[in-house]
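These notes concern the structure reproduced below.
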Amino acid sequence: MGDGRMSTRDFLLPDLGEGLSEAEIVEWRVAVGDVVTVDQTVVEVETAKAVVDVPCPYPGRVVALHGAAGEARPVGQPLITIAPLDGGDGPDPHATYREEERAGSGNVLIGYGTGHGVPGRRRRRPRLSSAPGSAVPGSAVPGSAAPESVAPARPGPPAVVASGPSTAAQPATSGSPVVPGPSGTSGPSTTSDRSAVVAPLVISPIVRRLAKERGVDLASLRGTGPGGVIRRADVESATGAPAARPAAVPDAPAAHVGPAPTADGDVIVPLTGIRKVIADKLSRSRREIPEVTIWVDVDATRLLETRAAINAASPDAPVGVLALLARICLSGLRRYPQLNARVDTEGQRIVQSAGVHLGIAAQTDRGLVVPVLRDAQRLTTGELAAALAETTAAARAGTLPPARLTGGTFTLNNYGVFGVDGSTPIINHPEAALLGVGRIVDKPWVVDGQLAVRKVTQLSLTFDHRVCDGGVAGGFLRHVADCVEQPALLVANV
(Lines give C-alpha, C1' and ligand atoms only; values in the text may rest on other atoms or scores of the structure.)
Protein backbone atom coordinates (compact mmCIF):
# COMPACT_ATOMS: atom_id res chain seq x y z
CA MET A 1 0.00 0.00 0.00
CA GLY A 2 1.33 3.42 -0.88
CA ASP A 3 1.70 6.10 1.81
CA GLY A 4 1.08 9.23 -0.32
CA ARG A 5 -2.05 11.13 -1.14
CA MET A 6 -3.75 8.01 -2.43
CA SER A 7 -3.41 4.37 -1.47
CA THR A 8 -2.41 1.91 -4.17
CA ARG A 9 -2.69 -1.85 -4.20
CA ASP A 10 -0.17 -4.26 -5.67
CA PHE A 11 -1.66 -7.37 -7.21
CA LEU A 12 0.92 -10.13 -6.78
CA LEU A 13 1.41 -12.91 -9.32
CA PRO A 14 -0.65 -15.76 -7.81
CA ASP A 15 0.33 -19.41 -7.46
CA LEU A 16 -0.71 -20.84 -10.85
CA GLY A 17 -0.20 -24.52 -10.14
CA GLU A 18 1.74 -27.22 -8.37
CA GLY A 19 5.48 -26.61 -8.35
CA LEU A 20 5.34 -23.50 -10.57
CA SER A 21 7.52 -20.71 -9.22
CA GLU A 22 7.28 -18.20 -12.07
CA ALA A 23 5.40 -17.25 -15.21
CA GLU A 24 6.42 -15.45 -18.38
CA ILE A 25 4.43 -12.45 -19.55
CA VAL A 26 3.00 -13.12 -23.01
CA GLU A 27 0.85 -10.03 -23.51
CA TRP A 28 -0.54 -7.24 -21.36
CA ARG A 29 -4.25 -6.68 -21.87
CA VAL A 30 -4.20 -3.24 -20.21
CA ALA A 31 -1.93 -0.18 -20.21
CA VAL A 32 -0.95 2.42 -17.61
CA GLY A 33 -3.89 4.78 -17.17
CA ASP A 34 -6.58 2.23 -18.04
CA VAL A 35 -9.50 1.67 -15.69
CA VAL A 36 -10.08 -1.97 -14.73
CA THR A 37 -12.94 -3.75 -13.01
CA VAL A 38 -12.92 -6.65 -10.57
CA ASP A 39 -11.88 -9.94 -12.22
CA GLN A 40 -11.00 -8.25 -15.51
CA THR A 41 -8.21 -10.08 -17.34
CA VAL A 42 -5.15 -7.84 -17.25
CA VAL A 43 -2.37 -10.07 -18.58
CA GLU A 44 -1.76 -13.34 -20.40
CA VAL A 45 1.13 -15.36 -18.96
CA GLU A 46 2.78 -18.64 -19.89
CA THR A 47 3.89 -21.09 -17.24
CA ALA A 48 5.82 -24.28 -17.71
CA LYS A 49 2.47 -26.03 -18.11
CA ALA A 50 0.03 -23.78 -19.94
CA VAL A 51 -0.98 -20.29 -21.03
CA VAL A 52 -3.21 -18.58 -18.46
CA ASP A 53 -5.35 -15.41 -18.47
CA VAL A 54 -4.81 -13.67 -15.13
CA PRO A 55 -7.70 -11.54 -13.75
CA CYS A 56 -7.12 -8.68 -11.30
CA PRO A 57 -9.14 -8.79 -8.05
CA TYR A 58 -8.97 -5.00 -7.56
CA PRO A 59 -10.91 -2.25 -9.37
CA GLY A 60 -9.34 1.10 -10.16
CA ARG A 61 -6.82 2.78 -12.44
CA VAL A 62 -3.59 1.12 -13.56
CA VAL A 63 -0.58 3.08 -12.35
CA ALA A 64 2.18 0.53 -12.98
CA LEU A 65 2.80 -2.67 -14.92
CA HIS A 66 5.57 -4.75 -13.43
CA GLY A 67 7.33 -6.54 -16.27
CA ALA A 68 7.30 -6.53 -20.06
CA ALA A 69 6.35 -9.12 -22.67
CA GLY A 70 8.91 -11.92 -22.63
CA GLU A 71 9.92 -11.33 -19.01
CA ALA A 72 9.60 -14.02 -16.33
CA ARG A 73 7.94 -12.91 -13.09
CA PRO A 74 8.30 -14.87 -9.82
CA VAL A 75 5.18 -16.00 -8.01
CA GLY A 76 4.36 -13.66 -5.13
CA GLN A 77 5.99 -10.59 -6.68
CA PRO A 78 4.06 -7.48 -7.88
CA LEU A 79 2.39 -7.87 -11.24
CA ILE A 80 0.27 -4.71 -11.53
CA THR A 81 -0.37 -1.69 -9.29
CA ILE A 82 -3.92 -0.32 -9.03
CA ALA A 83 -5.08 3.02 -7.59
CA PRO A 84 -8.70 3.48 -6.47
CA LEU A 85 -10.89 5.92 -8.37
CA ASP A 86 -12.67 7.49 -5.40
CA GLY A 87 -10.74 10.56 -4.26
CA GLY A 88 -7.28 12.00 -4.68
CA ASP A 89 -5.54 13.47 -7.65
CA GLY A 90 -3.31 10.51 -8.26
CA PRO A 91 -0.73 8.24 -6.72
CA ASP A 92 2.43 9.52 -5.08
CA PRO A 93 5.22 8.45 -7.43
CA HIS A 94 7.74 8.52 -4.61
CA ALA A 95 5.56 6.15 -2.59
CA THR A 96 5.38 3.84 -5.57
CA TYR A 97 9.15 3.97 -5.89
CA ARG A 98 9.56 3.08 -2.23
CA GLU A 99 7.32 0.06 -2.73
CA GLU A 100 9.43 -1.06 -5.68
CA GLU A 101 12.65 -0.42 -3.78
CA ARG A 102 11.46 -2.66 -0.95
CA ALA A 103 10.75 -5.36 -3.56
CA GLY A 104 14.44 -5.28 -4.43
CA SER A 105 14.79 -3.07 -7.51
CA GLY A 106 13.60 0.06 -9.28
CA ASN A 107 11.08 0.49 -12.05
CA VAL A 108 13.53 -0.33 -14.86
CA LEU A 109 14.66 -3.70 -13.55
CA ILE A 110 11.63 -4.87 -11.60
CA GLY A 111 11.89 -8.60 -10.91
CA TYR A 112 15.59 -8.81 -11.82
CA GLY A 113 18.05 -9.70 -9.10
CA THR A 114 15.55 -9.26 -6.29
CA GLY A 115 16.39 -12.53 -4.63
CA HIS A 116 12.78 -13.75 -4.82
CA GLY A 117 13.00 -15.46 -8.16
CA VAL A 118 14.72 -18.58 -9.42
CA PRO A 119 18.53 -18.22 -9.21
CA GLY A 120 20.26 -17.83 -12.51
CA ARG A 121 17.14 -16.86 -14.43
CA ARG A 122 17.87 -14.01 -16.81
CA ARG A 123 15.30 -11.44 -17.78
CA ARG A 124 14.56 -11.47 -21.51
CA ARG A 125 14.08 -7.83 -22.46
CA PRO A 126 11.84 -7.14 -25.43
CA ARG A 127 13.16 -4.63 -27.92
CA LEU A 128 11.00 -1.70 -28.95
CA SER A 129 11.16 -2.08 -32.70
CA SER A 130 9.67 0.09 -35.39
CA ALA A 131 9.15 -0.31 -39.09
CA PRO A 132 12.25 -1.04 -41.17
CA GLY A 133 14.36 2.01 -41.76
CA SER A 134 13.28 3.92 -38.66
CA ALA A 135 15.44 4.45 -35.60
CA VAL A 136 14.59 3.23 -32.13
CA PRO A 137 15.80 4.90 -28.95
CA GLY A 138 18.58 2.91 -27.38
CA SER A 139 19.22 0.73 -30.42
CA ALA A 140 22.56 0.61 -32.20
CA VAL A 141 22.90 2.48 -35.47
CA PRO A 142 24.49 0.51 -38.33
CA GLY A 143 28.15 1.31 -38.52
CA SER A 144 28.27 2.65 -34.99
CA ALA A 145 30.31 1.00 -32.26
CA ALA A 146 28.16 2.43 -29.47
CA PRO A 147 26.62 -0.38 -27.37
CA GLU A 148 22.93 -0.60 -26.56
CA SER A 149 22.03 1.54 -23.56
CA VAL A 150 21.90 -0.32 -20.26
CA ALA A 151 19.56 0.53 -17.41
CA PRO A 152 21.33 1.93 -14.32
CA ALA A 153 21.46 -0.13 -11.16
CA ARG A 154 19.65 2.54 -9.14
CA PRO A 155 17.23 4.53 -11.28
CA GLY A 156 15.46 7.60 -9.99
CA PRO A 157 11.79 7.71 -9.08
CA PRO A 158 9.68 6.30 -11.92
CA ALA A 159 7.66 8.57 -14.14
CA VAL A 160 3.96 7.80 -14.18
CA VAL A 161 2.99 7.34 -17.83
CA ALA A 162 -0.45 8.77 -18.54
CA SER A 163 -2.62 8.09 -21.53
CA GLY A 164 -3.69 10.98 -23.72
CA PRO A 165 -2.67 13.03 -26.75
CA SER A 166 0.55 14.19 -25.10
CA THR A 167 1.90 10.64 -25.02
CA ALA A 168 1.40 9.81 -28.68
CA ALA A 169 5.14 9.80 -29.36
CA GLN A 170 5.78 7.54 -26.37
CA PRO A 171 2.76 5.22 -26.14
CA ALA A 172 1.66 3.98 -22.75
CA THR A 173 1.59 0.36 -23.83
CA SER A 174 2.03 -2.87 -22.03
CA GLY A 175 5.41 -4.00 -23.17
CA SER A 176 7.25 -0.74 -23.77
CA PRO A 177 10.64 -0.72 -22.09
CA VAL A 178 11.70 2.23 -19.99
CA VAL A 179 14.83 3.93 -21.34
CA PRO A 180 16.70 5.90 -18.68
CA GLY A 181 17.24 9.57 -19.36
CA PRO A 182 20.17 11.78 -18.40
CA SER A 183 19.21 12.20 -14.76
CA GLY A 184 17.82 8.75 -14.14
CA THR A 185 14.30 9.61 -15.19
CA SER A 186 12.58 7.45 -17.75
CA GLY A 187 11.92 8.51 -21.31
CA PRO A 188 13.87 9.33 -24.48
CA SER A 189 17.08 11.23 -23.85
CA THR A 190 16.99 13.49 -26.91
CA THR A 191 14.45 15.25 -29.10
CA SER A 192 15.52 13.20 -32.10
CA ASP A 193 14.96 10.01 -30.15
CA ARG A 194 11.45 11.16 -29.26
CA SER A 195 10.53 11.86 -32.85
CA ALA A 196 12.03 8.60 -34.06
CA VAL A 197 9.23 6.51 -32.57
CA VAL A 198 6.44 8.20 -34.52
CA ALA A 199 6.75 5.47 -37.18
CA PRO A 200 4.53 2.37 -36.77
CA LEU A 201 5.60 0.59 -33.58
CA VAL A 202 5.79 -3.11 -32.79
CA ILE A 203 6.27 -3.88 -29.13
CA SER A 204 5.13 -7.50 -28.79
CA PRO A 205 7.56 -10.21 -29.96
CA ILE A 206 4.48 -12.27 -30.82
CA VAL A 207 3.43 -9.66 -33.37
CA ARG A 208 6.91 -9.56 -34.89
CA ARG A 209 6.98 -13.32 -35.20
CA LEU A 210 3.47 -13.44 -36.68
CA ALA A 211 4.34 -10.77 -39.27
CA LYS A 212 7.47 -12.66 -40.30
CA GLU A 213 5.62 -15.96 -40.60
CA ARG A 214 2.91 -14.40 -42.81
CA GLY A 215 5.24 -12.20 -44.86
CA VAL A 216 3.64 -8.93 -43.75
CA ASP A 217 5.64 -5.70 -44.15
CA LEU A 218 5.17 -3.89 -40.85
CA ALA A 219 5.94 -0.55 -42.49
CA SER A 220 2.78 -0.91 -44.56
CA LEU A 221 0.51 -1.29 -41.52
CA ARG A 222 -1.23 1.35 -39.48
CA GLY A 223 -1.34 0.33 -35.84
CA THR A 224 -4.66 0.47 -34.00
CA GLY A 225 -3.12 0.23 -30.55
CA PRO A 226 -2.36 3.13 -28.21
CA GLY A 227 0.06 5.56 -29.86
CA GLY A 228 -0.10 3.67 -33.16
CA VAL A 229 1.22 0.37 -31.79
CA ILE A 230 0.74 -2.52 -34.22
CA ARG A 231 -1.24 -5.36 -32.69
CA ARG A 232 -1.81 -8.98 -33.69
CA ALA A 233 -5.22 -8.03 -35.07
CA ASP A 234 -3.56 -5.57 -37.46
CA VAL A 235 -1.29 -8.27 -38.87
CA GLU A 236 -4.16 -10.76 -39.08
CA SER A 237 -6.37 -8.21 -40.85
CA ALA A 238 -3.63 -7.58 -43.41
CA THR A 239 -3.51 -11.29 -44.28
CA GLY A 240 -7.23 -11.95 -43.94
CA ALA A 241 -6.53 -14.77 -41.47
CA PRO A 242 -8.64 -15.42 -38.37
CA ALA A 243 -7.28 -14.54 -34.97
CA ALA A 244 -5.02 -17.20 -33.51
CA ARG A 245 -4.10 -17.78 -29.90
CA PRO A 246 -0.34 -17.31 -29.48
CA ALA A 247 -0.23 -19.84 -26.64
CA ALA A 248 0.34 -22.77 -28.98
CA VAL A 249 3.90 -21.71 -29.66
CA PRO A 250 6.26 -20.67 -26.84
CA ASP A 251 7.66 -17.18 -27.19
CA ALA A 252 11.16 -16.80 -28.62
CA PRO A 253 13.70 -14.47 -27.00
CA ALA A 254 12.98 -10.89 -27.99
CA ALA A 255 16.41 -10.31 -29.52
CA HIS A 256 15.43 -12.38 -32.56
CA VAL A 257 12.43 -14.21 -33.98
CA GLY A 258 12.54 -18.01 -33.87
CA PRO A 259 15.66 -20.15 -34.34
CA ALA A 260 18.75 -18.09 -35.14
CA PRO A 261 21.21 -19.34 -37.80
CA THR A 262 24.92 -18.89 -37.09
CA ALA A 263 27.65 -17.90 -39.51
CA ASP A 264 28.37 -21.61 -40.08
CA GLY A 265 24.74 -22.32 -40.94
CA ASP A 266 23.98 -24.02 -37.60
CA VAL A 267 20.54 -23.30 -36.19
CA ILE A 268 20.39 -22.29 -32.54
CA VAL A 269 17.06 -23.04 -30.84
CA PRO A 270 16.81 -21.52 -27.34
CA LEU A 271 15.92 -24.12 -24.71
CA THR A 272 13.22 -22.08 -23.00
CA GLY A 273 9.62 -22.34 -21.92
CA ILE A 274 8.00 -25.73 -22.07
CA ARG A 275 10.93 -27.26 -23.99
CA LYS A 276 13.21 -26.44 -21.05
CA VAL A 277 10.75 -27.94 -18.57
CA ILE A 278 10.45 -31.11 -20.66
CA ALA A 279 14.24 -31.39 -20.89
CA ASP A 280 14.69 -30.88 -17.15
CA LYS A 281 11.98 -33.37 -16.22
CA LEU A 282 13.18 -36.11 -18.58
CA SER A 283 16.76 -35.63 -17.46
CA ARG A 284 15.68 -35.91 -13.84
CA SER A 285 13.72 -39.08 -14.62
CA ARG A 286 16.74 -40.74 -16.24
CA ARG A 287 19.02 -39.48 -13.47
CA GLU A 288 16.90 -40.70 -10.53
CA ILE A 289 14.81 -43.65 -11.72
CA PRO A 290 16.35 -47.10 -12.36
CA GLU A 291 13.93 -47.97 -15.13
CA VAL A 292 13.34 -51.27 -16.92
CA THR A 293 11.30 -51.85 -20.09
CA ILE A 294 9.53 -55.09 -20.98
CA TRP A 295 7.27 -55.69 -23.97
CA VAL A 296 4.97 -58.22 -25.62
CA ASP A 297 3.22 -58.56 -29.00
CA VAL A 298 -0.55 -59.03 -28.75
CA ASP A 299 -3.44 -59.87 -31.05
CA ALA A 300 -5.79 -56.85 -30.89
CA THR A 301 -8.36 -58.22 -33.36
CA ARG A 302 -11.02 -58.89 -30.74
CA LEU A 303 -10.40 -55.54 -29.06
CA LEU A 304 -11.21 -53.79 -32.35
CA GLU A 305 -14.29 -55.98 -32.76
CA THR A 306 -15.40 -55.04 -29.24
CA ARG A 307 -14.97 -51.36 -30.00
CA ALA A 308 -17.02 -51.72 -33.19
CA ALA A 309 -19.81 -53.47 -31.26
CA ILE A 310 -19.88 -50.76 -28.56
CA ASN A 311 -20.01 -47.97 -31.11
CA ALA A 312 -22.75 -49.70 -33.10
CA ALA A 313 -24.87 -49.85 -29.96
CA SER A 314 -24.09 -46.24 -28.95
CA PRO A 315 -23.24 -44.27 -32.10
CA ASP A 316 -23.76 -40.93 -30.33
CA ALA A 317 -21.05 -41.70 -27.75
CA PRO A 318 -18.23 -43.45 -29.62
CA VAL A 319 -15.45 -45.19 -27.72
CA GLY A 320 -11.92 -45.26 -29.07
CA VAL A 321 -9.17 -47.84 -28.67
CA LEU A 322 -7.35 -45.55 -26.21
CA ALA A 323 -10.37 -45.48 -23.91
CA LEU A 324 -10.52 -49.30 -23.92
CA LEU A 325 -6.80 -49.48 -23.19
CA ALA A 326 -7.28 -47.02 -20.34
CA ARG A 327 -10.03 -49.25 -18.92
CA ILE A 328 -7.71 -52.26 -19.19
CA CYS A 329 -4.88 -50.36 -17.44
CA LEU A 330 -7.22 -49.43 -14.59
CA SER A 331 -8.11 -53.09 -14.20
CA GLY A 332 -4.43 -54.01 -14.10
CA LEU A 333 -3.58 -51.31 -11.55
CA ARG A 334 -6.31 -52.55 -9.25
CA ARG A 335 -4.68 -55.98 -9.34
CA TYR A 336 -1.11 -54.60 -9.17
CA PRO A 337 -1.27 -51.35 -7.14
CA GLN A 338 2.53 -51.36 -6.72
CA LEU A 339 2.76 -49.66 -10.13
CA ASN A 340 0.36 -46.86 -9.15
CA ALA A 341 2.98 -45.28 -6.93
CA ARG A 342 5.93 -42.94 -6.58
CA VAL A 343 9.20 -43.03 -4.67
CA ASP A 344 9.69 -40.37 -2.00
CA THR A 345 13.48 -40.15 -1.99
CA GLU A 346 13.65 -37.63 0.86
CA GLY A 347 11.41 -39.72 3.10
CA GLN A 348 12.96 -43.00 1.88
CA ARG A 349 9.57 -44.55 1.23
CA ILE A 350 7.25 -45.73 -1.53
CA VAL A 351 3.86 -44.01 -1.69
CA GLN A 352 1.04 -45.99 -3.32
CA SER A 353 -1.78 -43.71 -4.44
CA ALA A 354 -5.34 -44.48 -3.34
CA GLY A 355 -6.74 -43.22 -6.65
CA VAL A 356 -5.52 -43.66 -10.20
CA HIS A 357 -4.72 -40.26 -11.69
CA LEU A 358 -4.24 -41.39 -15.27
CA GLY A 359 -1.89 -39.34 -17.43
CA ILE A 360 -2.35 -39.35 -21.20
CA ALA A 361 0.71 -38.35 -23.22
CA ALA A 362 -0.37 -35.81 -25.87
CA GLN A 363 1.74 -34.22 -28.58
CA THR A 364 1.00 -30.51 -29.06
CA ASP A 365 2.52 -27.57 -30.91
CA ARG A 366 4.09 -26.50 -27.61
CA GLY A 367 5.68 -29.89 -27.00
CA LEU A 368 4.76 -33.13 -25.26
CA VAL A 369 2.36 -32.65 -22.35
CA VAL A 370 0.66 -35.17 -20.07
CA PRO A 371 -2.85 -34.06 -19.04
CA VAL A 372 -4.27 -35.99 -16.12
CA LEU A 373 -7.67 -37.66 -15.59
CA ARG A 374 -8.04 -37.59 -11.82
CA ASP A 375 -9.62 -40.60 -10.10
CA ALA A 376 -10.03 -42.27 -13.46
CA GLN A 377 -11.03 -45.53 -11.72
CA ARG A 378 -14.39 -43.93 -10.93
CA LEU A 379 -15.28 -43.37 -14.59
CA THR A 380 -17.21 -45.73 -16.83
CA THR A 381 -15.73 -46.65 -20.20
CA GLY A 382 -18.00 -44.13 -21.91
CA GLU A 383 -17.01 -41.43 -19.44
CA LEU A 384 -13.35 -42.28 -20.01
CA ALA A 385 -13.80 -41.85 -23.76
CA ALA A 386 -15.49 -38.46 -23.33
CA ALA A 387 -12.90 -37.26 -20.82
CA LEU A 388 -10.04 -38.34 -23.08
CA ALA A 389 -11.48 -36.49 -26.07
CA GLU A 390 -12.11 -33.30 -24.09
CA THR A 391 -8.78 -33.35 -22.30
CA THR A 392 -6.55 -34.04 -25.29
CA ALA A 393 -8.36 -31.39 -27.36
CA ALA A 394 -7.89 -28.80 -24.62
CA ALA A 395 -4.23 -29.79 -24.23
CA ARG A 396 -3.55 -29.25 -27.94
CA ALA A 397 -5.38 -25.92 -27.81
CA GLY A 398 -3.29 -24.84 -24.83
CA THR A 399 -6.32 -24.09 -22.66
CA LEU A 400 -5.81 -26.59 -19.84
CA PRO A 401 -5.07 -25.00 -16.45
CA PRO A 402 -1.75 -26.03 -14.85
CA ALA A 403 -3.55 -28.15 -12.24
CA ARG A 404 -4.76 -30.47 -15.03
CA LEU A 405 -1.17 -31.17 -16.09
CA THR A 406 0.28 -32.32 -12.78
CA GLY A 407 -0.27 -35.00 -10.18
CA GLY A 408 -0.45 -38.09 -12.39
CA THR A 409 0.26 -41.54 -10.92
CA PHE A 410 0.43 -43.67 -14.11
CA THR A 411 0.77 -42.71 -17.78
CA LEU A 412 -0.63 -44.24 -20.97
CA ASN A 413 1.34 -43.36 -24.10
CA ASN A 414 -0.04 -44.17 -27.56
CA TYR A 415 3.09 -43.69 -29.69
CA GLY A 416 1.54 -45.85 -32.40
CA VAL A 417 -0.05 -42.70 -33.82
CA PHE A 418 3.43 -41.82 -35.11
CA GLY A 419 3.57 -45.03 -37.14
CA VAL A 420 6.05 -46.86 -34.92
CA ASP A 421 5.80 -50.35 -33.49
CA GLY A 422 7.70 -50.05 -30.24
CA SER A 423 9.53 -47.73 -27.88
CA THR A 424 11.38 -47.60 -24.55
CA PRO A 425 9.75 -44.42 -23.20
CA ILE A 426 11.05 -42.39 -20.27
CA ILE A 427 8.89 -42.48 -17.15
CA ASN A 428 6.99 -39.29 -16.37
CA HIS A 429 8.72 -38.35 -13.10
CA PRO A 430 7.77 -38.91 -10.26
CA GLU A 431 5.48 -41.72 -11.44
CA ALA A 432 6.60 -45.34 -11.29
CA ALA A 433 5.37 -46.77 -14.59
CA LEU A 434 4.24 -46.03 -18.13
CA LEU A 435 2.45 -48.26 -20.63
CA GLY A 436 3.24 -47.66 -24.30
CA VAL A 437 1.15 -48.84 -27.26
CA GLY A 438 2.47 -49.23 -30.80
CA ARG A 439 0.58 -49.11 -34.07
CA ILE A 440 -1.97 -51.82 -34.88
CA VAL A 441 -1.07 -53.55 -38.17
CA ASP A 442 -1.90 -56.72 -40.08
CA LYS A 443 0.57 -59.50 -39.28
CA PRO A 444 0.67 -63.29 -39.64
CA TRP A 445 -0.48 -64.90 -36.40
CA VAL A 446 -1.14 -68.44 -35.26
CA VAL A 447 -4.76 -68.97 -34.17
CA ASP A 448 -5.84 -72.44 -32.99
CA GLY A 449 -2.86 -73.99 -34.73
CA GLN A 450 -3.57 -72.23 -38.02
CA LEU A 451 -1.76 -69.31 -39.61
CA ALA A 452 -3.99 -66.25 -40.02
CA VAL A 453 -3.74 -62.52 -40.62
CA ARG A 454 -4.57 -60.65 -37.42
CA LYS A 455 -4.48 -57.10 -36.06
CA VAL A 456 -1.30 -57.06 -33.98
CA THR A 457 0.23 -54.41 -31.73
CA GLN A 458 3.15 -54.23 -29.32
CA LEU A 459 2.72 -53.21 -25.68
CA SER A 460 5.68 -51.97 -23.64
CA LEU A 461 5.84 -51.31 -19.92
CA THR A 462 8.58 -49.12 -18.48
CA PHE A 463 8.69 -49.31 -14.70
CA ASP A 464 10.72 -48.11 -11.74
CA HIS A 465 12.59 -51.14 -10.43
CA ARG A 466 12.56 -49.64 -6.93
CA VAL A 467 8.79 -50.07 -6.55
CA CYS A 468 8.57 -53.67 -7.73
CA ASP A 469 10.44 -56.59 -9.24
CA GLY A 470 9.95 -58.31 -12.58
CA GLY A 471 7.21 -60.58 -11.28
CA VAL A 472 4.82 -57.71 -10.53
CA ALA A 473 5.69 -55.81 -13.73
CA GLY A 474 5.40 -58.94 -15.85
CA GLY A 475 2.10 -59.86 -14.20
CA PHE A 476 0.65 -56.44 -14.94
CA LEU A 477 1.76 -56.47 -18.58
CA ARG A 478 0.48 -60.00 -19.09
CA HIS A 479 -2.90 -59.04 -17.59
CA VAL A 480 -3.14 -56.07 -19.96
CA ALA A 481 -2.14 -58.25 -22.94
CA ASP A 482 -4.69 -60.94 -22.03
CA CYS A 483 -7.49 -58.34 -21.79
CA VAL A 484 -6.52 -56.91 -25.18
CA GLU A 485 -6.67 -60.37 -26.74
CA GLN A 486 -9.81 -61.40 -24.82
CA PRO A 487 -11.79 -58.30 -23.80
CA ALA A 488 -14.37 -60.48 -22.07
CA LEU A 489 -11.84 -60.93 -19.26
CA LEU A 490 -12.53 -57.32 -18.28
CA VAL A 491 -16.02 -58.29 -17.19
CA ALA A 492 -14.60 -60.68 -14.62
CA ASN A 493 -12.54 -57.84 -13.08
CA VAL A 494 -15.15 -55.05 -13.03
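Residues in the C-alpha coordinates are numbered from 1 in each chain, the chains being A, B, ... in the order shown, and ligands are numbered from 1 in the order shown.
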
Self-check item: Close residues, A:Val296 itself excluded, 12 Å, only C-alpha atoms, min 6 positions apart in chain, as a list of chain:residue names
Solution: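 The residues that qualify are A:Asp421, A:Gly422, A:Ser423, A:Leu435, A:Gly436, A:Val437, A:Gly438, A:Val456, A:Thr457, A:Gln458, A:Leu459, A:Ser460, A:Leu461, A:Gly474, A:Gly475, A:Phe476, A:Leu477, A:Arg478, A:His479, A:Val480, A:Ala481, A:Asp482, A:Val484, A:Glu485.
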
Quiz item: In Å, with one decimal, what is the gap from atom CA of A:Pro57 to atom CA of A:Arg29?
Solution: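 That distance, rounded to one decimal, is 14.8 Å.
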
Quiz item: For A:Ala300, which of A:Glu71, A:Glu213, A:Asp448, A:Asp442 is the closest residue, counting only C-alpha atoms?
Solution: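 Counting only C-alpha atoms, the residue closest to A:Ala300 is A:Asp442.
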
Quiz item: Between A:Ala238, A:Ala323, A:Val267, A:Leu333, which one has atoms that come closest to A:Ala219, using only C-alpha atoms?
Solution: A:Ala238
